[in-house]
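K.L.:
Here you go, model-v3.cif (mmCIF, C-alpha atoms):
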data_input
loop_
_atom_site.group_PDB
_atom_site.id
_atom_site.type_symbol
_atom_site.label_atom_id
_atom_site.label_comp_id
_atom_site.auth_asym_id
_atom_site.auth_seq_id
_atom_site.Cartn_x
_atom_site.Cartn_y
_atom_site.Cartn_z
ATOM 1 C CA ALA A 175 -20.136 7.947 -62.446
ATOM 2 C CA ASP A 176 -17.983 5.361 -64.231
ATOM 3 C CA ALA A 177 -19.799 2.370 -65.709
ATOM 4 C CA LEU A 178 -16.588 0.595 -66.702
ATOM 5 C CA GLN A 179 -15.187 0.689 -63.167
ATOM 6 C CA GLY A 180 -18.575 0.262 -61.503
ATOM 7 C CA ILE A 181 -18.289 3.555 -59.594
ATOM 8 C CA GLN A 182 -21.706 4.718 -58.426
ATOM 9 C CA ALA A 183 -22.836 8.343 -58.533
ATOM 10 C CA THR A 184 -23.536 10.180 -55.276
ATOM 11 C CA GLU A 185 -25.245 13.455 -54.394
ATOM 12 C CA GLN A 186 -21.862 15.170 -54.750
ATOM 13 C CA THR A 187 -21.037 13.719 -58.185
ATOM 14 C CA GLN A 188 -20.329 16.499 -60.659
ATOM 15 C CA TYR A 189 -21.578 16.279 -64.226
ATOM 16 C CA ARG A 190 -20.665 18.244 -67.288
ATOM 17 C CA ILE A 191 -24.073 19.819 -67.797
ATOM 18 C CA GLY A 192 -23.684 20.558 -71.508
ATOM 19 C CA SER A 193 -26.205 22.968 -72.942
ATOM 20 C CA ILE A 194 -27.771 23.697 -69.565
ATOM 21 C CA SER A 195 -24.723 26.003 -69.388
ATOM 22 C CA LYS A 196 -26.628 28.303 -71.737
ATOM 23 C CA VAL A 197 -29.059 29.171 -68.934
ATOM 24 C CA PHE A 198 -26.119 30.448 -66.870
ATOM 25 C CA THR A 199 -24.821 32.442 -69.849
ATOM 26 C CA SER A 200 -28.256 33.975 -70.380
ATOM 27 C CA VAL A 201 -28.417 35.040 -66.734
ATOM 28 C CA LEU A 202 -24.963 36.637 -66.934
ATOM 29 C CA PHE A 203 -25.984 38.572 -70.039
ATOM 30 C CA LEU A 204 -29.276 39.734 -68.518
ATOM 31 C CA GLN A 205 -27.518 40.879 -65.352
ATOM 32 C CA LEU A 206 -25.202 43.034 -67.465
ATOM 33 C CA MET A 207 -28.207 44.323 -69.391
ATOM 34 C CA GLU A 208 -29.943 45.322 -66.152
ATOM 35 C CA GLU A 209 -26.836 47.315 -65.270
ATOM 36 C CA GLY A 210 -27.117 49.257 -68.532
ATOM 37 C CA LYS A 211 -24.064 47.745 -70.206
ATOM 38 C CA VAL A 212 -26.017 46.428 -73.216
ATOM 39 C CA GLN A 213 -29.543 46.352 -74.654
ATOM 40 C CA LEU A 214 -31.521 43.471 -76.116
ATOM 41 C CA ASP A 215 -31.813 45.308 -79.424
ATOM 42 C CA ALA A 216 -28.076 46.011 -79.658
ATOM 43 C CA PRO A 217 -26.820 44.703 -83.015
ATOM 44 C CA LEU A 218 -24.193 42.005 -83.259
ATOM 45 C CA SER A 219 -22.222 44.427 -85.420
ATOM 46 C CA LEU A 220 -21.515 46.428 -82.241
ATOM 47 C CA PHE A 221 -19.142 43.624 -81.260
ATOM 48 C CA TYR A 222 -18.457 41.690 -84.468
ATOM 49 C CA PRO A 223 -19.093 43.903 -87.502
ATOM 50 C CA ASP A 224 -17.435 41.470 -89.904
ATOM 51 C CA LEU A 225 -19.759 38.523 -89.249
ATOM 52 C CA PRO A 226 -22.439 37.848 -91.889
ATOM 53 C CA ARG A 227 -25.401 40.254 -91.622
ATOM 54 C CA ALA A 228 -24.238 41.293 -88.161
ATOM 55 C CA GLU A 229 -26.113 44.586 -88.388
ATOM 56 C CA GLU A 230 -29.413 42.657 -88.730
ATOM 57 C CA ILE A 231 -28.825 40.312 -85.790
ATOM 58 C CA ASN A 232 -29.430 41.609 -82.278
ATOM 59 C CA MET A 233 -28.746 40.274 -78.788
ATOM 60 C CA GLU A 234 -32.280 39.004 -78.259
ATOM 61 C CA MET A 235 -32.002 36.917 -81.411
ATOM 62 C CA LEU A 236 -28.830 35.316 -80.068
ATOM 63 C CA LEU A 237 -30.461 34.572 -76.716
ATOM 64 C CA ARG A 238 -33.581 33.097 -78.341
ATOM 65 C CA HIS A 239 -31.846 31.174 -81.168
ATOM 66 C CA ARG A 240 -33.456 33.372 -83.804
ATOM 67 C CA SER A 241 -30.300 34.788 -85.386
ATOM 68 C CA GLY A 242 -30.114 32.396 -88.337
ATOM 69 C CA LEU A 243 -26.438 31.752 -87.590
ATOM 70 C CA PHE A 244 -25.421 28.245 -88.641
ATOM 71 C CA ASN A 245 -24.809 25.853 -85.751
ATOM 72 C CA TYR A 246 -21.056 25.389 -85.994
ATOM 73 C CA THR A 247 -21.127 22.172 -83.946
ATOM 74 C CA ALA A 248 -23.060 20.614 -86.852
ATOM 75 C CA LEU A 249 -20.106 20.970 -89.216
ATOM 76 C CA ALA A 250 -18.847 17.687 -90.653
ATOM 77 C CA ASP A 251 -15.400 18.029 -89.064
ATOM 78 C CA PHE A 252 -16.629 18.934 -85.576
ATOM 79 C CA GLU A 253 -15.697 15.555 -84.067
ATOM 80 C CA TRP A 254 -12.111 16.297 -84.998
ATOM 81 C CA PHE A 255 -12.289 19.995 -84.171
ATOM 82 C CA LYS A 256 -13.826 19.645 -80.691
ATOM 83 C CA ASP A 257 -10.848 17.917 -79.076
ATOM 84 C CA SER A 258 -8.340 20.697 -79.786
ATOM 85 C CA VAL A 259 -7.566 24.042 -78.159
ATOM 86 C CA HIS A 260 -8.977 27.005 -80.092
ATOM 87 C CA SER A 261 -8.834 30.775 -79.757
ATOM 88 C CA GLU A 262 -11.592 33.324 -80.202
ATOM 89 C CA GLN A 263 -10.072 34.148 -83.581
ATOM 90 C CA THR A 264 -10.212 30.562 -84.872
ATOM 91 C CA LEU A 265 -13.822 30.161 -83.740
ATOM 92 C CA LEU A 266 -14.826 33.452 -85.347
ATOM 93 C CA ALA A 267 -13.099 32.405 -88.566
ATOM 94 C CA ARG A 268 -15.264 29.265 -88.715
ATOM 95 C CA ILE A 269 -18.443 31.216 -87.992
ATOM 96 C CA ASP A 270 -17.575 33.936 -90.496
ATOM 97 C CA GLY A 271 -17.405 31.462 -93.352
ATOM 98 C CA LEU A 272 -20.852 29.964 -92.787
ATOM 99 C CA PRO A 273 -23.985 31.193 -94.602
ATOM 100 C CA LEU A 274 -27.035 31.990 -92.502
ATOM 101 C CA ASP A 275 -29.740 29.329 -92.297
ATOM 102 C CA PHE A 276 -32.536 31.921 -92.528
ATOM 103 C CA ASP A 277 -33.187 35.654 -92.311
ATOM 104 C CA PRO A 278 -32.436 37.003 -88.823
ATOM 105 C CA GLY A 279 -35.520 36.994 -86.618
ATOM 106 C CA SER A 280 -37.704 35.102 -89.091
ATOM 107 C CA ARG A 281 -37.794 31.810 -87.178
ATOM 108 C CA PHE A 282 -36.178 29.655 -84.479
ATOM 109 C CA ALA A 283 -33.388 27.118 -84.882
ATOM 110 C CA TYR A 284 -31.136 25.897 -82.089
ATOM 111 C CA SER A 285 -27.551 26.980 -82.670
ATOM 112 C CA ASN A 286 -24.556 26.750 -80.354
ATOM 113 C CA THR A 287 -23.012 29.563 -82.371
ATOM 114 C CA ASN A 288 -25.325 32.040 -80.630
ATOM 115 C CA TYR A 289 -23.961 31.170 -77.211
ATOM 116 C CA ILE A 290 -20.344 31.001 -78.299
ATOM 117 C CA LEU A 291 -20.749 34.635 -79.324
ATOM 118 C CA LEU A 292 -22.608 35.521 -76.121
ATOM 119 C CA THR A 293 -19.709 34.072 -74.107
ATOM 120 C CA PHE A 294 -17.281 36.437 -75.788
ATOM 121 C CA ILE A 295 -19.728 39.350 -75.504
ATOM 122 C CA VAL A 296 -20.249 39.038 -71.730
ATOM 123 C CA GLU A 297 -16.479 38.861 -71.289
ATOM 124 C CA ARG A 298 -16.067 42.047 -73.330
ATOM 125 C CA LEU A 299 -18.842 43.868 -71.478
ATOM 126 C CA SER A 300 -17.536 42.960 -68.041
ATOM 127 C CA GLY A 301 -13.783 42.931 -68.568
ATOM 128 C CA LEU A 302 -13.718 39.556 -66.791
ATOM 129 C CA SER A 303 -13.242 36.019 -67.968
ATOM 130 C CA TYR A 304 -16.297 33.780 -68.177
ATOM 131 C CA ALA A 305 -15.006 31.740 -65.227
ATOM 132 C CA GLU A 306 -14.641 34.897 -63.125
ATOM 133 C CA LEU A 307 -18.124 36.091 -64.101
ATOM 134 C CA LEU A 308 -19.697 32.772 -63.211
ATOM 135 C CA GLU A 309 -17.973 32.688 -59.836
ATOM 136 C CA LYS A 310 -18.669 36.325 -58.940
ATOM 137 C CA ARG A 311 -22.242 36.696 -60.170
ATOM 138 C CA ILE A 312 -23.808 33.255 -59.701
ATOM 139 C CA VAL A 313 -21.713 30.728 -57.784
ATOM 140 C CA GLN A 314 -20.802 32.894 -54.780
ATOM 141 C CA PRO A 315 -24.163 34.687 -54.330
ATOM 142 C CA LEU A 316 -26.072 31.395 -54.412
ATOM 143 C CA GLY A 317 -23.516 29.394 -52.445
ATOM 144 C CA LEU A 318 -23.077 26.761 -55.148
ATOM 145 C CA GLN A 319 -20.461 24.352 -53.847
ATOM 146 C CA HIS A 320 -19.964 22.154 -56.895
ATOM 147 C CA THR A 321 -20.509 24.426 -59.905
ATOM 148 C CA PHE A 322 -17.584 25.641 -61.969
ATOM 149 C CA TYR A 323 -16.342 26.329 -65.473
ATOM 150 C CA ALA A 324 -13.299 24.235 -66.247
ATOM 151 C CA ASN A 325 -11.606 21.952 -68.713
ATOM 152 C CA GLY A 326 -10.423 18.428 -68.200
ATOM 153 C CA LEU A 327 -11.890 15.374 -66.569
ATOM 154 C CA HIS A 328 -10.923 14.414 -63.025
ATOM 155 C CA PRO A 329 -12.819 11.379 -61.700
ATOM 156 C CA GLU A 330 -10.684 11.471 -58.541
ATOM 157 C CA MET A 331 -12.377 14.808 -57.736
ATOM 158 C CA GLY A 332 -15.861 13.342 -58.024
ATOM 159 C CA GLN A 333 -16.535 14.106 -61.683
ATOM 160 C CA ALA A 334 -18.645 11.653 -63.663
ATOM 161 C CA LEU A 335 -17.468 10.361 -66.998
ATOM 162 C CA SER A 336 -19.643 10.905 -70.047
ATOM 163 C CA HIS A 337 -20.903 7.614 -71.475
ATOM 164 C CA GLU A 338 -22.270 6.185 -74.696
ATOM 165 C CA PHE A 339 -24.179 2.960 -75.278
ATOM 166 C CA ALA A 340 -22.943 0.361 -77.764
ATOM 167 C CA ALA A 341 -24.063 -3.093 -76.577
ATOM 168 C CA ASP A 342 -23.064 -1.819 -73.133
ATOM 169 C CA TRP A 343 -22.374 1.499 -71.432
ATOM 170 C CA ARG A 344 -18.837 2.750 -71.875
ATOM 171 C CA PRO A 345 -17.028 6.058 -71.265
ATOM 172 C CA LEU A 346 -16.583 8.386 -74.224
ATOM 173 C CA SER A 347 -13.112 8.315 -75.695
ATOM 174 C CA SER A 348 -12.766 12.124 -75.568
ATOM 175 C CA GLU A 349 -14.347 15.253 -74.093
ATOM 176 C CA THR A 350 -15.105 18.476 -75.959
ATOM 177 C CA HIS A 351 -12.426 21.015 -75.053
ATOM 178 C CA LEU A 352 -13.516 24.018 -72.998
ATOM 179 C CA THR A 353 -12.294 26.452 -75.665
ATOM 180 C CA VAL A 354 -14.856 24.900 -78.020
ATOM 181 C CA SER A 355 -17.861 24.590 -75.697
ATOM 182 C CA LEU A 356 -17.393 27.857 -73.749
ATOM 183 C CA GLY A 357 -20.608 29.251 -72.240
ATOM 184 C CA ALA A 358 -22.620 27.047 -74.567
ATOM 185 C CA GLY A 359 -21.639 23.878 -72.719
ATOM 186 C CA GLY A 360 -18.569 24.189 -70.493
ATOM 187 C CA ILE A 361 -20.006 24.149 -66.958
ATOM 188 C CA TRP A 362 -19.793 21.353 -64.385
ATOM 189 C CA SER A 363 -22.421 21.057 -61.660
ATOM 190 C CA THR A 364 -24.525 18.725 -59.532
ATOM 191 C CA PRO A 365 -28.315 18.221 -59.563
ATOM 192 C CA GLN A 366 -28.523 19.889 -56.143
ATOM 193 C CA ASP A 367 -26.607 22.969 -57.310
ATOM 194 C CA LEU A 368 -28.721 23.182 -60.468
ATOM 195 C CA ASN A 369 -31.907 23.130 -58.415
ATOM 196 C CA ARG A 370 -30.526 25.897 -56.187
ATOM 197 C CA PHE A 371 -29.578 27.937 -59.261
ATOM 198 C CA LEU A 372 -32.984 27.565 -60.911
ATOM 199 C CA PHE A 373 -34.750 28.339 -57.630
ATOM 200 C CA GLY A 374 -32.579 31.467 -57.363
ATOM 201 C CA ILE A 375 -33.673 32.684 -60.799
ATOM 202 C CA PHE A 376 -37.376 32.548 -59.999
ATOM 203 C CA HIS A 377 -37.280 33.709 -56.380
#
Do you think you could lay out the structure here as structure tokens?

P.N.:
Amino acid sequence: ADALQGIQATEQTQYRIGSISKVFTSVLFLQLMEEGKVQLDAPLSLFYPDLPRAEEINMEMLLRHRSGLFNYTALADFEWFKDSVHSEQTLLARIDGLPLDFDPGSRFAYSNTNYILLTFIVERLSGLSYAELLEKRIVQPLGLQHTFYANGLHPEMGQALSHEFAADWRPLSSETHLTVSLGAGGIWSTPQDLNRFLFGIFH
């Protein structure tokens, strides 16, 4: 949990699960789709008409990383950008200025941009915040005790530090802010809760 202090992880240790958060975001979207609030072939232009080629990109392409949208976390200044608080408008402004990597639907390329947009879309469709959606539609029904969407790092509450290796393991100097990671990487959980979640999807 903390290599520098020698604090061992336990079954209750919470980890920032990074891009596994995207599985939760996908489930939230598909639940809303099942309720008739959106279709897989709905164009991105329905929500963000000003984004590049938004009329050619649909929801399924976002879910499957086939939109062609440039991965905004790959930008050269991301290490600086990720530590600050950002609004939907500032994130959209960054995405809007990026050329597509390929024609929508023509191939696959992993892009966090897809799931940043899906975060905003599920909030629009539901009228709830992402945190409220996660709690109402996944955490409570499955009885997940240690899964939540939150910013900050609180080792005193059982959260593990993120580490990097450079001659020895050491904690990272900073954490990506929640307003940057959103539903692409902003969830905390435990291995036990993740197993319960994945079991719940398939049963």

K.L.:
Could you check the closest approach to Leu318 of chain A for each of A:Gly357, A:Gly192, A:Pro217, A:Gly374 and tell me which residue wins, using all atoms listed in the file?

P.N.:
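Smallest distance to Leu318 of chain A is found for A:Gly374.
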
K.L.:
Can you pull out the residues contacting Gly180 of chain A? Cut-off 12 Å, using all atoms listed in the file, and skip same-chain residues under 4 positions away; I want them as a PDB file with C-alpha atoms, in the coordinates of the input.

P.N.:
ATOM      1  CA  ALA A 175     -20.136   7.947 -62.446  1.00  0.00           C
ATOM      2  CA  ASP A 176     -17.983   5.361 -64.231  1.00  0.00           C
ATOM      3  CA  ALA A 334     -18.645  11.653 -63.663  1.00  0.00           C
ATOM      4  CA  LEU A 335     -17.468  10.361 -66.998  1.00  0.00           C
ATOM      5  CA  TRP A 343     -22.374   1.499 -71.432  1.00  0.00           C
ATOM      6  CA  ARG A 344     -18.837   2.750 -71.875  1.00  0.00           C
ATOM      7  CA  PRO A 345     -17.028   6.058 -71.265  1.00  0.00           C
TER       8      PRO A 345
END

K.L.:
Rounded to one decimal place, report the atom CA of Gly360 of chain A-atom CA of Gln188 of chain A distance in Å.

P.N.:
12.6 Å

K.L.:
How would you write as a PyMOL selection string the residues that get within 12 Å of (-24.3, 28.0, -55.7) in the file's frame, counting all atoms listed in the file?

P.N.:
chain A and resi 198+308-322+362-375

K.L.:
Name all residues at most 9 Å from segment 276-278 of chain A (count all atoms listed in the file; drop same-chain ones fewer than 6 positions away) and give them as a list in words.

P.N.:
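That gives Arg227, Glu230, Ile231, Asn232, Met235, Arg240, Ser241, Gly242, Leu243 and Phe244 of chain A.
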
K.L.:
Work out how far apart atom CA of Ser285 of chain A and atom CA of Pro223 of chain A are and give it in Å to one decimal.

P.N.:
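Separating atom CA of Ser285 of chain A from atom CA of Pro223 of chain A is a distance of 19.5 Å.
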
K.L.:
Go ahead and compute the interatomic distance for atom CA of Thr293 of chain A and atom CA of Leu356 of chain A, in Å to one decimal.

P.N.:
6.6 Å

K.L.:
Nearest residue to Tyr323 of chain A out of A:Gln213, A:Thr199, A:Thr184, A:Thr264, using only C-alpha atoms?

P.N.:
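Checking each candidate against Tyr323 of chain A, we get A:Thr199 as the closest.
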
K.L.:
Write out as a list of chain:residue names which residues come within 8 Å of segment 204-212 of chain A when counting only C-alpha atoms, dropping same-chain ones fewer than 2 positions away.

P.N.:
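So, after excluding close chain neighbours, the residues are A:Ser200, A:Val201, A:Leu202, A:Leu214, A:Ala216, A:Val296, A:Leu299, A:Ser300.
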
K.L.:
Nearest to Glu338 of chain A: which of A:Ala177, A:Ala267, A:Glu306, A:Tyr289 is it, counting all atoms listed in the file?

P.N.:
A:Ala177

K.L.:
Quick one: residues within 9 Å of Ser193 of chain A, only C-alpha atoms counted, chain neighbours fewer than 5 positions away excluded, as a list in words?

P.N.:
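Near Ser193 of chain A, the qualifying residues are Asn286, Ser355, Gly357, Ala358, Gly359, Gly360 and Ile361 of chain A.
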
K.L.:
Check what the PyMOL selection byres ((chain A and resi 245) around 10) selects in the file above and give those residues as a PyMOL selection string.

P.N.:
chain A and resi 239+242-244+246-249+269+272+274-275+283-288

K.L.:
Using all atoms listed in the file, which of A:Glu297, A:Leu327, A:Gln182, A:Val354 sits nearest Leu265 of chain A?

P.N.:
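Looking at the shortest contact to Leu265 of chain A, the residue is A:Val354.
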
K.L.:
Could the centre and edge lengths of an axis-aligned box, enclosing all atoms of segment 215-219 of chain A in the file with 6 Å extra on each side, be given in Å to one decimal as lines of an AutoDock Vina configuration file?

P.N.:
center_x = -27.0
center_y = 44.0
center_z = -82.4
size_x = 21.6
size_y = 16.0
size_z = 18.0

K.L.:
Complete segment 301-322 of chain A at the level of N, CA, C and O atoms, written as a CSV table (one decimal), in the frame of the given file.

P.N.:
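rebuild-v7.csv was written with the following content:
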chain,number,residue,atom,x,y,z
A,301,GLY,N,-15.2,42.9,-68.8
A,301,GLY,CA,-13.8,42.9,-68.6
A,301,GLY,C,-13.3,41.8,-67.8
A,301,GLY,O,-12.1,41.8,-67.3
A,302,LEU,N,-14.1,40.7,-67.5
A,302,LEU,CA,-13.7,39.6,-66.8
A,302,LEU,C,-13.8,38.3,-67.7
A,302,LEU,O,-14.5,38.3,-68.7
A,303,SER,N,-13.1,37.3,-67.3
A,303,SER,CA,-13.2,36.0,-68.0
A,303,SER,C,-14.6,35.4,-67.6
A,303,SER,O,-15.2,35.7,-66.6
A,304,TYR,N,-15.0,34.5,-68.4
A,304,TYR,CA,-16.3,33.8,-68.2
A,304,TYR,C,-16.3,33.1,-66.8
A,304,TYR,O,-17.2,33.1,-66.1
A,305,ALA,N,-15.1,32.4,-66.5
A,305,ALA,CA,-15.0,31.7,-65.2
A,305,ALA,C,-15.1,32.7,-64.1
A,305,ALA,O,-15.8,32.4,-63.1
A,306,GLU,N,-14.5,33.9,-64.2
A,306,GLU,CA,-14.6,34.9,-63.1
A,306,GLU,C,-16.1,35.4,-63.0
A,306,GLU,O,-16.6,35.6,-61.9
A,307,LEU,N,-16.7,35.6,-64.1
A,307,LEU,CA,-18.1,36.1,-64.1
A,307,LEU,C,-19.0,35.1,-63.4
A,307,LEU,O,-19.9,35.4,-62.6
A,308,LEU,N,-18.9,33.8,-63.8
A,308,LEU,CA,-19.7,32.8,-63.2
A,308,LEU,C,-19.5,32.7,-61.7
A,308,LEU,O,-20.5,32.6,-60.9
A,309,GLU,N,-18.3,32.8,-61.3
A,309,GLU,CA,-18.0,32.7,-59.8
A,309,GLU,C,-18.5,33.9,-59.1
A,309,GLU,O,-19.2,33.8,-58.0
A,310,LYS,N,-18.3,35.1,-59.6
A,310,LYS,CA,-18.7,36.3,-58.9
A,310,LYS,C,-20.2,36.6,-58.9
A,310,LYS,O,-20.7,37.0,-57.9
A,311,ARG,N,-20.9,36.3,-60.0
A,311,ARG,CA,-22.2,36.7,-60.2
A,311,ARG,C,-23.3,35.6,-59.9
A,311,ARG,O,-24.4,35.9,-59.6
A,312,ILE,N,-22.8,34.3,-59.9
A,312,ILE,CA,-23.8,33.3,-59.7
A,312,ILE,C,-23.4,32.3,-58.6
A,312,ILE,O,-24.1,32.1,-57.6
A,313,VAL,N,-22.2,31.8,-58.7
A,313,VAL,CA,-21.7,30.7,-57.8
A,313,VAL,C,-21.6,31.2,-56.3
A,313,VAL,O,-22.2,30.6,-55.4
A,314,GLN,N,-20.9,32.4,-56.1
A,314,GLN,CA,-20.8,32.9,-54.8
A,314,GLN,C,-22.1,33.4,-54.2
A,314,GLN,O,-22.5,33.0,-53.1
A,315,PRO,N,-22.9,34.2,-54.9
A,315,PRO,CA,-24.2,34.7,-54.3
A,315,PRO,C,-25.1,33.6,-53.9
A,315,PRO,O,-25.9,33.7,-52.9
A,316,LEU,N,-25.1,32.5,-54.7
A,316,LEU,CA,-26.1,31.4,-54.4
A,316,LEU,C,-25.5,30.3,-53.6
A,316,LEU,O,-26.2,29.3,-53.2
A,317,GLY,N,-24.2,30.4,-53.3
A,317,GLY,CA,-23.5,29.4,-52.4
A,317,GLY,C,-23.4,28.0,-53.1
A,317,GLY,O,-23.6,27.0,-52.5
A,318,LEU,N,-23.2,28.0,-54.4
A,318,LEU,CA,-23.1,26.8,-55.1
A,318,LEU,C,-21.7,26.1,-54.9
A,318,LEU,O,-20.7,26.7,-55.2
A,319,GLN,N,-21.7,25.0,-54.3
A,319,GLN,CA,-20.5,24.4,-53.8
A,319,GLN,C,-19.8,23.5,-54.9
A,319,GLN,O,-18.6,23.2,-54.8
A,320,HIS,N,-20.5,23.1,-55.9
A,320,HIS,CA,-20.0,22.2,-56.9
A,320,HIS,C,-20.2,22.6,-58.3
A,320,HIS,O,-20.4,21.8,-59.2
A,321,THR,N,-20.3,23.9,-58.6
A,321,THR,CA,-20.5,24.4,-59.9
A,321,THR,C,-19.3,25.2,-60.3
A,321,THR,O,-18.9,26.2,-59.6
A,322,PHE,N,-18.8,24.9,-61.5
A,322,PHE,CA,-17.6,25.6,-62.0
A,322,PHE,C,-17.4,25.5,-63.5
A,322,PHE,O,-18.1,24.6,-64.1
